[in-house]
file entry-v7.csv (CSV, N, CA and C atoms)
chain,number,residue,atom,x,y,z
A,1,GLN,N,-3.8,-20.2,1.0
A,1,GLN,CA,-3.6,-18.9,1.6
A,1,GLN,C,-2.7,-18.1,0.8
A,2,VAL,N,-3.0,-16.8,0.8
A,2,VAL,CA,-2.1,-15.8,0.1
A,2,VAL,C,-1.8,-14.7,1.1
A,3,GLN,N,-0.5,-14.3,1.1
A,3,GLN,CA,-0.1,-13.1,1.9
A,3,GLN,C,0.3,-12.0,0.9
A,4,LEU,N,0.0,-10.8,1.3
A,4,LEU,CA,0.3,-9.6,0.4
A,4,LEU,C,1.0,-8.6,1.3
A,5,VAL,N,2.1,-8.1,0.7
A,5,VAL,CA,2.9,-7.1,1.4
A,5,VAL,C,3.1,-5.9,0.5
A,6,GLU,N,2.7,-4.7,0.9
A,6,GLU,CA,2.8,-3.5,0.0
A,6,GLU,C,4.1,-2.8,0.4
A,7,SER,N,4.6,-2.0,-0.5
A,7,SER,CA,5.6,-1.1,-0.3
A,7,SER,C,5.6,0.1,-1.3
A,8,GLY,N,6.2,1.2,-1.0
A,8,GLY,CA,6.3,2.3,-1.9
A,8,GLY,C,5.5,3.5,-1.6
A,9,GLY,N,4.7,3.5,-0.6
A,9,GLY,CA,4.0,4.7,-0.2
A,9,GLY,C,4.9,5.8,0.3
A,10,GLY,N,4.3,7.0,0.5
A,10,GLY,CA,5.1,8.1,1.1
A,10,GLY,C,4.5,9.4,0.8
A,11,LEU,N,5.3,10.4,1.0
A,11,LEU,CA,4.8,11.8,0.8
A,11,LEU,C,5.4,12.3,-0.5
A,12,VAL,N,4.5,13.0,-1.3
A,12,VAL,CA,5.0,13.5,-2.6
A,12,VAL,C,4.2,14.8,-2.9
A,13,GLN,N,4.8,15.7,-3.6
A,13,GLN,CA,4.1,16.9,-4.0
A,13,GLN,C,3.2,16.7,-5.1
A,14,ALA,N,2.2,17.5,-5.2
A,14,ALA,CA,1.2,17.4,-6.3
A,14,ALA,C,2.0,17.5,-7.6
A,15,GLY,N,1.5,16.6,-8.6
A,15,GLY,CA,2.2,16.6,-9.8
A,15,GLY,C,3.3,15.5,-9.9
A,16,GLY,N,3.7,15.0,-8.7
A,16,GLY,CA,4.8,14.0,-8.7
A,16,GLY,C,4.3,12.6,-8.9
A,17,SER,N,5.2,11.7,-8.8
A,17,SER,CA,4.9,10.3,-9.1
A,17,SER,C,5.4,9.4,-7.9
A,18,LEU,N,4.7,8.3,-7.8
A,18,LEU,CA,5.1,7.2,-6.9
A,18,LEU,C,4.8,5.9,-7.6
A,19,ARG,N,5.5,4.8,-7.2
A,19,ARG,CA,5.2,3.5,-7.6
A,19,ARG,C,5.0,2.6,-6.4
A,20,LEU,N,3.8,2.0,-6.3
A,20,LEU,CA,3.5,1.0,-5.3
A,20,LEU,C,3.8,-0.4,-5.8
A,21,SER,N,4.3,-1.2,-4.9
A,21,SER,CA,4.5,-2.6,-5.2
A,21,SER,C,3.8,-3.5,-4.2
A,22,CYS,N,3.4,-4.6,-4.6
A,22,CYS,CA,2.8,-5.6,-3.7
A,22,CYS,C,3.3,-7.0,-4.1
A,23,ALA,N,3.9,-7.6,-3.1
A,23,ALA,CA,4.4,-9.0,-3.3
A,23,ALA,C,3.5,-10.0,-2.7
A,24,ALA,N,3.1,-11.0,-3.5
A,24,ALA,CA,2.3,-12.0,-3.0
A,24,ALA,C,3.1,-13.3,-2.8
A,25,THR,N,2.8,-13.9,-1.7
A,25,THR,CA,3.4,-15.2,-1.4
A,25,THR,C,2.4,-16.2,-1.0
A,26,GLY,N,2.7,-17.5,-0.9
A,26,GLY,CA,1.8,-18.5,-0.6
A,26,GLY,C,1.2,-19.1,-1.9
A,27,ASP,N,0.0,-19.3,-2.0
A,27,ASP,CA,-0.7,-20.0,-3.1
A,27,ASP,C,-0.9,-19.1,-4.3
A,28,ILE,N,0.2,-18.6,-4.8
A,28,ILE,CA,0.1,-17.6,-5.9
A,28,ILE,C,-0.6,-18.1,-7.2
A,29,LEU,N,-0.5,-19.4,-7.4
A,29,LEU,CA,-1.1,-20.0,-8.6
A,29,LEU,C,-2.6,-19.9,-8.6
A,30,SER,N,-3.2,-19.7,-7.4
A,30,SER,CA,-4.6,-19.6,-7.2
A,30,SER,C,-5.2,-18.2,-7.5
A,31,ILE,N,-4.3,-17.2,-7.7
A,31,ILE,CA,-4.7,-15.8,-7.8
A,31,ILE,C,-5.2,-15.6,-9.3
A,32,GLU,N,-6.4,-15.0,-9.4
A,32,GLU,CA,-6.9,-14.7,-10.7
A,32,GLU,C,-6.7,-13.2,-10.9
A,33,THR,N,-7.1,-12.4,-10.0
A,33,THR,CA,-7.1,-10.9,-10.1
A,33,THR,C,-6.3,-10.3,-9.0
A,34,MET,N,-5.5,-9.3,-9.3
A,34,MET,CA,-4.8,-8.5,-8.3
A,34,MET,C,-5.1,-7.0,-8.6
A,35,GLY,N,-4.9,-6.2,-7.6
A,35,GLY,CA,-5.2,-4.8,-7.8
A,35,GLY,C,-5.0,-4.0,-6.6
A,36,TRP,N,-5.5,-2.8,-6.7
A,36,TRP,CA,-5.3,-1.8,-5.6
A,36,TRP,C,-6.6,-1.1,-5.3
A,37,TYR,N,-6.9,-1.0,-4.0
A,37,TYR,CA,-8.0,-0.2,-3.5
A,37,TYR,C,-7.4,0.9,-2.6
A,38,ARG,N,-8.2,2.0,-2.4
A,38,ARG,CA,-7.7,3.0,-1.5
A,38,ARG,C,-8.9,3.5,-0.6
A,39,GLN,N,-8.5,4.0,0.5
A,39,GLN,CA,-9.4,4.6,1.5
A,39,GLN,C,-8.9,5.8,2.1
A,40,ALA,N,-9.6,6.9,1.8
A,40,ALA,CA,-9.3,8.2,2.3
A,40,ALA,C,-10.0,8.4,3.6
A,41,PRO,N,-9.6,9.3,4.5
A,41,PRO,CA,-10.2,9.5,5.8
A,41,PRO,C,-11.7,9.9,5.6
A,42,GLY,N,-12.6,9.1,6.3
A,42,GLY,CA,-14.0,9.4,6.3
A,42,GLY,C,-14.7,8.9,5.0
A,43,GLU,N,-13.9,8.2,4.1
A,43,GLU,CA,-14.5,7.7,2.9
A,43,GLU,C,-14.5,6.2,2.9
A,44,GLN,N,-15.3,5.7,2.0
A,44,GLN,CA,-15.4,4.2,1.8
A,44,GLN,C,-14.2,3.8,1.0
A,45,ARG,N,-13.8,2.5,1.1
A,45,ARG,CA,-12.7,2.0,0.3
A,45,ARG,C,-13.2,1.8,-1.1
A,46,GLU,N,-12.4,2.2,-2.1
A,46,GLU,CA,-12.8,2.1,-3.5
A,46,GLU,C,-11.7,1.4,-4.3
A,47,LEU,N,-12.2,0.8,-5.3
A,47,LEU,CA,-11.2,0.2,-6.3
A,47,LEU,C,-10.5,1.2,-7.1
A,48,VAL,N,-9.2,1.1,-7.1
A,48,VAL,CA,-8.4,2.1,-7.9
A,48,VAL,C,-8.1,1.4,-9.3
A,49,ALA,N,-7.5,0.2,-9.3
A,49,ALA,CA,-7.1,-0.4,-10.5
A,49,ALA,C,-7.0,-1.9,-10.2
A,50,SER,N,-7.3,-2.7,-11.2
A,50,SER,CA,-7.1,-4.1,-11.1
A,50,SER,C,-6.6,-4.7,-12.4
A,51,ILE,N,-6.0,-5.9,-12.3
A,51,ILE,CA,-5.5,-6.6,-13.5
A,51,ILE,C,-5.8,-8.1,-13.3
A,52,THR,N,-6.3,-8.7,-14.4
A,52,THR,CA,-6.6,-10.1,-14.3
A,52,THR,C,-5.4,-11.0,-14.8
A,53,SER,N,-5.6,-12.3,-14.7
A,53,SER,CA,-4.5,-13.2,-15.0
A,53,SER,C,-4.1,-13.1,-16.5
A,54,ASP,N,-5.1,-12.7,-17.3
A,54,ASP,CA,-4.9,-12.5,-18.8
A,54,ASP,C,-4.5,-11.1,-19.2
A,55,GLY,N,-4.3,-10.3,-18.2
A,55,GLY,CA,-3.8,-8.9,-18.4
A,55,GLY,C,-4.8,-7.8,-18.6
A,56,SER,N,-6.1,-8.2,-18.5
A,56,SER,CA,-7.1,-7.2,-18.6
A,56,SER,C,-7.1,-6.2,-17.4
A,57,THR,N,-7.2,-4.9,-17.7
A,57,THR,CA,-7.1,-4.0,-16.6
A,57,THR,C,-8.4,-3.2,-16.5
A,58,ASN,N,-8.6,-2.6,-15.3
A,58,ASN,CA,-9.8,-1.8,-15.0
A,58,ASN,C,-9.4,-0.7,-14.0
A,59,TYR,N,-9.9,0.5,-14.3
A,59,TYR,CA,-9.5,1.7,-13.5
A,59,TYR,C,-10.7,2.5,-13.1
A,60,VAL,N,-10.6,3.1,-11.9
A,60,VAL,CA,-11.6,4.0,-11.5
A,60,VAL,C,-11.4,5.3,-12.4
A,61,GLU,N,-12.5,5.9,-12.8
A,61,GLU,CA,-12.5,7.0,-13.7
A,61,GLU,C,-11.5,8.1,-13.3
A,62,SER,N,-11.4,8.4,-12.1
A,62,SER,CA,-10.6,9.5,-11.6
A,62,SER,C,-9.1,9.3,-11.8
A,63,VAL,N,-8.6,8.1,-12.1
A,63,VAL,CA,-7.2,7.9,-12.2
A,63,VAL,C,-6.8,7.5,-13.7
A,64,LYS,N,-7.8,7.4,-14.5
A,64,LYS,CA,-7.5,7.0,-15.9
A,64,LYS,C,-6.6,8.0,-16.6
A,65,GLY,N,-5.5,7.5,-17.2
A,65,GLY,CA,-4.6,8.3,-17.9
A,65,GLY,C,-3.5,8.8,-17.0
A,66,ARG,N,-3.6,8.5,-15.7
A,66,ARG,CA,-2.5,8.9,-14.7
A,66,ARG,C,-1.9,7.7,-14.0
A,67,PHE,N,-2.7,6.7,-13.8
A,67,PHE,CA,-2.2,5.5,-13.1
A,67,PHE,C,-2.1,4.4,-14.0
A,68,ALA,N,-1.2,3.4,-13.7
A,68,ALA,CA,-1.1,2.2,-14.6
A,68,ALA,C,-0.8,1.0,-13.6
A,69,VAL,N,-1.5,0.0,-13.8
A,69,VAL,CA,-1.4,-1.2,-13.0
A,69,VAL,C,-0.7,-2.3,-13.9
A,70,SER,N,0.2,-3.1,-13.3
A,70,SER,CA,0.9,-4.1,-14.0
A,70,SER,C,1.2,-5.3,-13.1
A,71,ARG,N,1.5,-6.4,-13.7
A,71,ARG,CA,1.9,-7.6,-12.9
A,71,ARG,C,3.1,-8.2,-13.6
A,72,THR,N,3.9,-8.9,-12.8
A,72,THR,CA,5.1,-9.6,-13.3
A,72,THR,C,4.6,-10.9,-14.0
A,73,ASN,N,5.5,-11.4,-14.9
A,73,ASN,CA,5.1,-12.6,-15.7
A,73,ASN,C,4.8,-13.8,-14.8
A,74,VAL,N,5.4,-13.9,-13.6
A,74,VAL,CA,5.1,-15.0,-12.7
A,74,VAL,C,3.9,-14.6,-11.9
A,75,LYS,N,3.4,-13.4,-12.0
A,75,LYS,CA,2.1,-13.0,-11.4
A,75,LYS,C,2.2,-13.0,-9.9
A,76,ASP,N,3.3,-12.8,-9.3
A,76,ASP,CA,3.4,-12.8,-7.9
A,76,ASP,C,3.6,-11.3,-7.4
A,77,THR,N,3.7,-10.4,-8.3
A,77,THR,CA,3.9,-9.0,-7.8
A,77,THR,C,3.0,-8.1,-8.7
A,78,VAL,N,2.4,-7.2,-8.1
A,78,VAL,CA,1.6,-6.2,-8.8
A,78,VAL,C,2.1,-4.8,-8.5
A,79,TYR,N,2.1,-3.9,-9.5
A,79,TYR,CA,2.6,-2.6,-9.3
A,79,TYR,C,1.5,-1.6,-9.6
A,80,LEU,N,1.6,-0.4,-9.0
A,80,LEU,CA,0.7,0.7,-9.4
A,80,LEU,C,1.6,1.9,-9.6
A,81,GLN,N,1.8,2.3,-10.9
A,81,GLN,CA,2.5,3.5,-11.2
A,81,GLN,C,1.6,4.7,-11.2
A,82,MET,N,1.9,5.6,-10.3
A,82,MET,CA,1.0,6.8,-10.1
A,82,MET,C,1.7,8.0,-10.5
A,83,ASN,N,1.2,8.7,-11.6
A,83,ASN,CA,1.8,9.9,-12.1
A,83,ASN,C,0.8,11.1,-11.9
A,84,SER,N,1.3,12.3,-12.1
A,84,SER,CA,0.4,13.5,-11.9
A,84,SER,C,-0.5,13.4,-10.7
A,85,LEU,N,0.1,13.1,-9.6
A,85,LEU,CA,-0.6,12.9,-8.4
A,85,LEU,C,-1.3,14.2,-7.9
A,86,LYS,N,-2.5,14.0,-7.4
A,86,LYS,CA,-3.3,15.2,-6.9
A,86,LYS,C,-3.5,15.0,-5.4
A,87,PRO,N,-3.8,16.1,-4.7
A,87,PRO,CA,-4.1,15.9,-3.2
A,87,PRO,C,-5.2,15.0,-2.9
A,88,GLU,N,-6.2,14.9,-3.8
A,88,GLU,CA,-7.3,14.0,-3.6
A,88,GLU,C,-6.9,12.5,-3.8
A,89,ASP,N,-5.7,12.3,-4.2
A,89,ASP,CA,-5.2,10.9,-4.3
A,89,ASP,C,-4.7,10.4,-2.9
A,90,THR,N,-4.7,11.3,-2.0
A,90,THR,CA,-4.2,11.0,-0.6
A,90,THR,C,-5.1,9.9,0.0
A,91,ALA,N,-4.5,8.8,0.4
A,91,ALA,CA,-5.3,7.7,1.0
A,91,ALA,C,-4.4,6.6,1.5
A,92,VAL,N,-4.9,5.7,2.2
A,92,VAL,CA,-4.2,4.4,2.4
A,92,VAL,C,-4.5,3.5,1.2
A,93,TYR,N,-3.5,3.0,0.6
A,93,TYR,CA,-3.7,2.1,-0.6
A,93,TYR,C,-3.5,0.7,-0.1
A,94,TYR,N,-4.4,-0.2,-0.5
A,94,TYR,CA,-4.4,-1.6,-0.1
A,94,TYR,C,-4.3,-2.5,-1.3
A,95,CYS,N,-3.3,-3.4,-1.2
A,95,CYS,CA,-3.2,-4.4,-2.2
A,95,CYS,C,-4.3,-5.5,-2.0
A,96,HIS,N,-4.9,-5.9,-3.2
A,96,HIS,CA,-6.0,-6.9,-3.1
A,96,HIS,C,-5.7,-8.0,-4.1
A,97,ALA,N,-6.1,-9.2,-3.7
A,97,ALA,CA,-6.0,-10.4,-4.6
A,97,ALA,C,-7.3,-11.2,-4.5
A,98,ARG,N,-7.7,-11.7,-5.5
A,98,ARG,CA,-8.9,-12.6,-5.5
A,98,ARG,C,-8.5,-13.9,-6.2
A,99,ASN,N,-8.8,-15.0,-5.6
A,99,ASN,CA,-8.5,-16.3,-6.2
A,99,ASN,C,-9.6,-16.8,-7.1
A,100,TRP,N,-9.4,-17.9,-7.7
A,100,TRP,CA,-10.4,-18.5,-8.7
A,100,TRP,C,-11.7,-18.9,-8.0
A,101,PHE,N,-11.7,-18.9,-6.7
A,101,PHE,CA,-12.9,-19.3,-5.9
A,101,PHE,C,-13.5,-18.1,-5.3
A,102,SER,N,-13.1,-16.9,-5.8
A,102,SER,CA,-13.6,-15.6,-5.3
A,102,SER,C,-13.3,-15.3,-3.8
A,103,ARG,N,-12.3,-15.9,-3.3
A,103,ARG,CA,-11.8,-15.5,-2.0
A,103,ARG,C,-10.9,-14.3,-2.1
A,104,ASP,N,-11.1,-13.3,-1.2
A,104,ASP,CA,-10.4,-12.1,-1.2
A,104,ASP,C,-9.3,-12.1,-0.2
A,105,TYR,N,-8.1,-11.5,-0.6
A,105,TYR,CA,-7.0,-11.3,0.3
A,105,TYR,C,-6.6,-9.8,0.3
A,106,TRP,N,-6.1,-9.3,1.4
A,106,TRP,CA,-5.8,-7.9,1.6
A,106,TRP,C,-4.4,-7.8,2.2
A,107,GLY,N,-3.7,-6.7,1.7
A,107,GLY,CA,-2.5,-6.3,2.4
A,107,GLY,C,-2.9,-5.4,3.6
A,108,LYS,N,-1.9,-5.0,4.3
A,108,LYS,CA,-2.1,-4.1,5.5
A,108,LYS,C,-2.3,-2.6,5.1
A,109,GLY,N,-1.9,-2.3,3.9
A,109,GLY,CA,-2.0,-0.9,3.4
A,109,GLY,C,-0.7,-0.1,3.5
A,110,THR,N,-0.6,0.9,2.6
A,110,THR,CA,0.5,1.8,2.6
A,110,THR,C,0.0,3.2,2.4
A,111,LEU,N,0.4,4.2,3.1
A,111,LEU,CA,-0.1,5.5,3.1
A,111,LEU,C,0.6,6.3,2.0
A,112,VAL,N,-0.3,6.9,1.2
A,112,VAL,CA,0.2,7.9,0.1
A,112,VAL,C,-0.4,9.2,0.5
A,113,THR,N,0.5,10.2,0.7
A,113,THR,CA,0.1,11.6,1.0
A,113,THR,C,0.6,12.5,-0.1
A,114,VAL,N,-0.3,13.2,-0.7
A,114,VAL,CA,0.0,14.2,-1.8
A,114,VAL,C,-0.2,15.6,-1.3
A,115,SER,N,0.9,16.4,-1.2
A,115,SER,CA,0.7,17.7,-0.7
A,115,SER,C,0.5,18.7,-1.8
A,116,SER,N,-0.3,19.8,-1.5
A,116,SER,CA,-0.6,20.7,-2.5
A,116,SER,C,0.5,21.9,-2.6
call {"tool": "encode", "arguments": {"input": "entry-v7.csv", "output": "structure tokens"}}
result
Amino acid sequence: QVQLVESGGGLVQAGGSLRLSCAATGDILSIETMGWYRQAPGEQRELVASITSDGSTNYVESVKGRFAVSRTNVKDTVYLQMNSLKPEDTAVYYCHARNWFSRDYWGKGTLVTVSS
């Protein structure tokens, strides 16, 4: 079992920055990929960014060049640095982890609101 707890959401003006953190506890050695999804009101949840155990990253096109995902060396914390935020980035951001057996774990989410 893996537990995920997010922090760092909040209200920011357009053009500003926020950093989200997600701490994993439990069977962290089983985690292969960690990352972030988001869900805006009335929209489907979408992958924002992910990072594998070997450091390979993946981003949704709309955040490339503005967001950066990273993990600690012990791989128990994942971060999402969000720069040049836009109102359309407003959403609940969920931490996600997948273990080597393709089991998914989710955090409870943290709200990011970007005002224009």
call {"tool": "closest_residue", "arguments": {"input": "entry-v7.csv", "among": "A:Gln81, A:Ser30, A:Thr110, A:Thr90", "to": "A:Glu6", "atoms": "only C-alpha atoms"}}
result
A:Thr110
call {"tool": "select_by_dssp", "arguments": {"input": "entry-v7.csv", "residues": "stretch 3-115 of chain A", "states": "strand (DSSP E)", "output": "VMD selection string"}}
result
chain A and resid 3 to 7 10 to 13 18 to 26 31 to 39 46 to 52 57 to 59 67 to 71 77 to 82 91 to 99 104 to 106 110 to 115
call {"tool": "closest_residue", "arguments": {"input": "entry-v7.csv", "among": "A:Val60, A:Val2, A:Val12, A:Ser53", "to": "A:Val112", "atoms": "only C-alpha atoms"}}
result
A:Val12
call {"tool": "atom_distance", "arguments": {"input": "entry-v7.csv", "atom1": "atom C of A:Glu61", "atom2": "atom CA of A:Val48"}}
result
8.6 Å
call {"tool": "residues_around", "arguments": {"input": "entry-v7.csv", "residues": "A:Arg66", "least_positions_apart": "6", "cutoff": "7 Å", "atoms": "only C-alpha atoms", "output": "list of chain:residue names"}}
result
A:Met82, A:Asn83, A:Ser84
